[in-house]
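Below: the structure, in structure tokens.
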Amino acid sequence: MSRPPLEVADLIRSAGATFIERNRQWIRWQHVKVLLAIARCRTAALGGHVDQCTSCGHRATISYNSCRNRHCPKCQTAARDRWIAARQKELLPTRYVHVVFTLPASLAPLTLQNKKFIYGLLLRASAETLLEVACDPRHLGAEIGFFSVLHTWNQKLGLHPHVHCVIPAGGLSLDHTHWIKSRSRFFLSIRVLRRVFRGKFVVGLKQAFQSGRLSFPGKLAALAQPKTFAAWLRSLFRKDWVVYAKPPSVAPNMCSSIWPLHPSRGRLQPSSGLVYGREGHLPLAGLRS
């Protein structure tokens, strides 16, 4: 494979300082630390080393040291491979579905000032939505398990918080006696997932406001007023939120395409991976479908 003409580090060296100055209202020292690490990765700034064969004594040319930062795209190849291998071991002999929950763009200003809370609420609301809708006998009537990966930026480094969920296309019956398969063409109703997800997220925002967990600096100051915040919350119900789901696919195909969900694919914001489902090991081999 030929080396790409530009890397993330080249972009940071060229425009990193300008990016930091333009975003002083939300950027923190942790972000600057990541940018600096990526810019210095495998350069003379971090020093170097010489590799020598223990058998023949041959020495390679000097190799510059890596930054070993978990957000650096150059340093995460081995970690990504280990992550994929671990996920593959967890696969069940069934079809899988990929579901994505995305926050509307109107939430971006509030998200930048309350990242820890908003991202946590996004993971929690999306997980509760899947578990609740799947348990409903009108939809699947089963307990499901899945893992979720948070992505906070898009490929153009624009703020785009969304959660990827990889889910077996089925689940345990509510009495835990057999496996229930989903429909062949779709997993759960997208229309229902959108509404439940939106409702849970907005309720979470309302409770956070009432308990004083949200901050409203700068241009967000007007939202600190209860009536203004309540009106803003109502505006979130005037549009459908984006929930995307692929049709169920067989496990091998899902496995080969799972790597783009790895939390460390060059995102400059911390990403998280969480697993949801029933605790402990289940005797799946003895279940009847």
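Each chain in the structure tokens gets a letter, A, B, ..., in the order shown, and its residues are numbered from 1; ligands are numbered from 1 in order too.
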
Problem - Near-Cys165 (chain A) list (7 Å; only C-alpha atoms; drop same-chain fewer than 3 positions) as a PyMOL selection string - result: chain A and resi 98-100+146-149

Handout entry: Atomic distance CA of Asp136 (chain A) - CA of Ser189 (chain A), expressed in Å with one decimal
Key =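 These atoms are spaced 11.4 Å apart.
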
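Between CA of Phe101 (chain A) and CA of Gly212 (chain A) lies a distance of 25.9 Å.
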
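The coordinates place CA of Arg234 (chain A) at 25.8 Å from CA of Leu150 (chain A).
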
Problem - Nearest residue to Leu11 (chain A) from the set A:His58, A:Lys181, A:Leu35, A:Tyr244 (distances using only C-alpha atoms) - result: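 With only C-alpha atoms as the atom set, the closest residue is A:Leu35.
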
Problem - Of the listed residues A:Ser126, A:Ser235, A:Ser55, A:Thr94, that which approaches Trp179 (chain A) most closely, counting only C-alpha atoms - result: A:Thr94

Skip Leu123 (chain A) itself and residues of its chain fewer than 3 positions away, then list as a compact mmCIF listing (two decimals) with N, CA, C and O atoms, in the first residue's frame all residues within 12 Å of it, counting only C-alpha atoms.
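As a result, part_30.txt now contains:
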# COMPACT_ATOMS: atom_id res chain seq x y z
N VAL A 100 -27.45 3.29 14.03
CA VAL A 100 -26.74 4.52 14.36
C VAL A 100 -27.74 5.55 14.89
O VAL A 100 -28.76 5.83 14.24
N PHE A 101 -27.45 6.11 16.06
CA PHE A 101 -28.25 7.19 16.65
C PHE A 101 -27.44 8.49 16.54
O PHE A 101 -26.29 8.55 16.99
N THR A 102 -28.05 9.53 15.98
CA THR A 102 -27.35 10.79 15.74
C THR A 102 -28.08 11.94 16.42
O THR A 102 -29.31 12.04 16.35
N LEU A 103 -27.33 12.85 17.05
CA LEU A 103 -27.92 14.04 17.65
C LEU A 103 -28.15 15.11 16.57
O LEU A 103 -27.34 15.26 15.66
N LYS A 116 -19.07 15.95 28.46
CA LYS A 116 -19.13 14.73 29.27
C LYS A 116 -20.57 14.31 29.52
O LYS A 116 -20.93 13.13 29.37
N PHE A 117 -21.42 15.26 29.88
CA PHE A 117 -22.81 14.92 30.17
C PHE A 117 -23.56 14.53 28.90
O PHE A 117 -24.28 13.52 28.88
N ILE A 118 -23.42 15.31 27.83
CA ILE A 118 -24.18 15.06 26.60
C ILE A 118 -23.80 13.71 26.00
O ILE A 118 -24.66 12.93 25.58
N TYR A 119 -22.50 13.41 25.96
CA TYR A 119 -22.08 12.13 25.38
C TYR A 119 -22.56 10.97 26.24
O TYR A 119 -22.94 9.91 25.71
N GLY A 120 -22.52 11.14 27.54
CA GLY A 120 -23.03 10.09 28.41
C GLY A 120 -24.52 9.88 28.23
O GLY A 120 -25.00 8.74 28.21
N SER A 126 -29.65 6.02 23.90
CA SER A 126 -29.71 5.09 22.77
C SER A 126 -29.80 3.65 23.25
O SER A 126 -30.56 2.84 22.69
N ALA A 127 -29.05 3.31 24.31
CA ALA A 127 -29.09 1.95 24.84
C ALA A 127 -30.45 1.64 25.44
O ALA A 127 -31.03 0.57 25.19
N GLU A 128 -30.99 2.56 26.23
CA GLU A 128 -32.30 2.34 26.84
C GLU A 128 -33.39 2.22 25.78
O GLU A 128 -34.34 1.45 25.93
N THR A 129 -33.24 2.98 24.69
CA THR A 129 -34.21 2.90 23.60
C THR A 129 -34.23 1.51 22.98
O THR A 129 -35.29 0.90 22.78
N LEU A 130 -33.05 0.98 22.65
CA LEU A 130 -32.98 -0.34 22.05
C LEU A 130 -33.53 -1.42 22.98
O LEU A 130 -34.30 -2.29 22.56
N PHE A 147 -23.06 -3.89 21.57
CA PHE A 147 -22.05 -2.94 22.01
C PHE A 147 -22.21 -1.65 21.24
O PHE A 147 -22.64 -1.62 20.09
N SER A 148 -21.89 -0.53 21.91
CA SER A 148 -22.04 0.81 21.35
C SER A 148 -20.70 1.51 21.31
O SER A 148 -19.89 1.37 22.23
N VAL A 149 -20.47 2.25 20.24
CA VAL A 149 -19.24 3.03 20.09
C VAL A 149 -19.61 4.48 19.79
O VAL A 149 -20.38 4.74 18.86
N LEU A 150 -19.07 5.39 20.57
CA LEU A 150 -19.36 6.81 20.41
C LEU A 150 -18.37 7.46 19.45
O LEU A 150 -17.16 7.33 19.62
N HIS A 151 -18.88 8.14 18.43
CA HIS A 151 -18.07 8.99 17.56
C HIS A 151 -18.55 10.43 17.73
O HIS A 151 -19.76 10.68 17.75
N THR A 152 -17.62 11.35 17.83
CA THR A 152 -17.99 12.74 18.10
C THR A 152 -17.76 13.68 16.94
O THR A 152 -18.28 14.79 16.93
N PRO A 161 -21.92 14.30 16.84
CA PRO A 161 -22.04 13.22 17.83
C PRO A 161 -23.04 12.16 17.38
O PRO A 161 -24.19 12.45 17.07
N HIS A 162 -22.59 10.91 17.37
CA HIS A 162 -23.46 9.80 17.02
C HIS A 162 -22.92 8.52 17.64
O HIS A 162 -21.74 8.43 17.95
N VAL A 163 -23.79 7.55 17.79
CA VAL A 163 -23.44 6.27 18.42
C VAL A 163 -23.73 5.14 17.44
O VAL A 163 -24.82 5.05 16.89
N HIS A 164 -22.72 4.29 17.22
CA HIS A 164 -22.88 3.07 16.42
C HIS A 164 -23.18 1.91 17.36
O HIS A 164 -22.49 1.72 18.36
N CYS A 165 -24.19 1.14 17.01
CA CYS A 165 -24.55 -0.04 17.81
C CYS A 165 -24.53 -1.27 16.91
O CYS A 165 -25.16 -1.27 15.85
N PHE A 197 -36.13 7.44 21.30
CA PHE A 197 -34.81 8.03 21.53
C PHE A 197 -34.92 9.52 21.78
O PHE A 197 -34.33 10.06 22.73
N LYS A 200 -36.47 10.17 25.30
CA LYS A 200 -35.57 9.89 26.41
C LYS A 200 -34.46 10.95 26.51
O LYS A 200 -34.08 11.36 27.61
N PHE A 201 -33.94 11.37 25.36
CA PHE A 201 -32.85 12.34 25.40
C PHE A 201 -33.35 13.70 25.91
O PHE A 201 -32.70 14.34 26.74
N GLY A 204 -33.87 13.62 29.55
CA GLY A 204 -32.58 13.70 30.23
C GLY A 204 -32.05 15.13 30.29
O GLY A 204 -31.49 15.56 31.32
N SER A 271 -13.47 8.92 22.46
CA SER A 271 -14.59 8.07 22.08
C SER A 271 -14.68 6.91 23.07
O SER A 271 -13.71 6.58 23.75
N SER A 272 -15.85 6.32 23.15
CA SER A 272 -16.06 5.29 24.15
C SER A 272 -16.73 4.08 23.55
O SER A 272 -17.48 4.19 22.59
N GLY A 273 -16.45 2.93 24.10
CA GLY A 273 -17.13 1.70 23.70
C GLY A 273 -17.78 1.08 24.91
O GLY A 273 -17.13 0.88 25.93
N LEU A 274 -19.07 0.82 24.85
CA LEU A 274 -19.78 0.24 25.96
C LEU A 274 -20.56 -0.97 25.49
O LEU A 274 -21.04 -1.01 24.36
N VAL A 275 -20.69 -1.97 26.36
CA VAL A 275 -21.43 -3.18 26.05
C VAL A 275 -22.69 -3.22 26.90
O VAL A 275 -22.63 -3.00 28.12
N TYR A 276 -23.82 -3.48 26.27
CA TYR A 276 -25.09 -3.56 26.97
C TYR A 276 -25.70 -4.93 26.77
O TYR A 276 -25.61 -5.51 25.70

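Of all the residues in region 93-171 of chain A, the ones DSSP labels as strand (DSSP E or B) from the backbone are A:Tyr96, A:Val97, A:His98, A:Val99, A:Val100, A:Phe101, A:Thr102, A:Ala142, A:Glu143, A:Phe146, A:Phe147, A:Ser148, A:Val149, A:Leu150, A:His151, A:Thr152, A:Trp153, A:Leu159, A:His160, A:Pro161, A:His162, A:Val163, A:His164, A:Cys165, A:Val166, A:Ile167, A:Pro168, A:Gly170, A:Gly171.
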
Practice task
Would you mind writing down, as a PyMOL selection string, each residue of region 73-216 of chain A that DSSP on the backbone assigns to helix (DSSP H, G or I)?
Solution key: chain A and resi 77-89+105-113+115-135+190-210

Problem - For region 112-114 of chain A: contacts at 7 Å, only C-alpha atoms, fewer than 3 positions along chain excluded, given as a list in words - result: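 Here the qualifying residues turn out to be Trp26, Ala108, Pro109, Phe117, Ile118, Leu214 and Ser215 of chain A.
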
Exercise for the section: Rank nothing, just name the residue among A:Ile180, A:Ala125, A:Ala231, A:Gly48 nearest to Arg95 (chain A), using only C-alpha atoms. Expected result: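 Closest to Arg95 (chain A), using only C-alpha atoms: A:Ile180.
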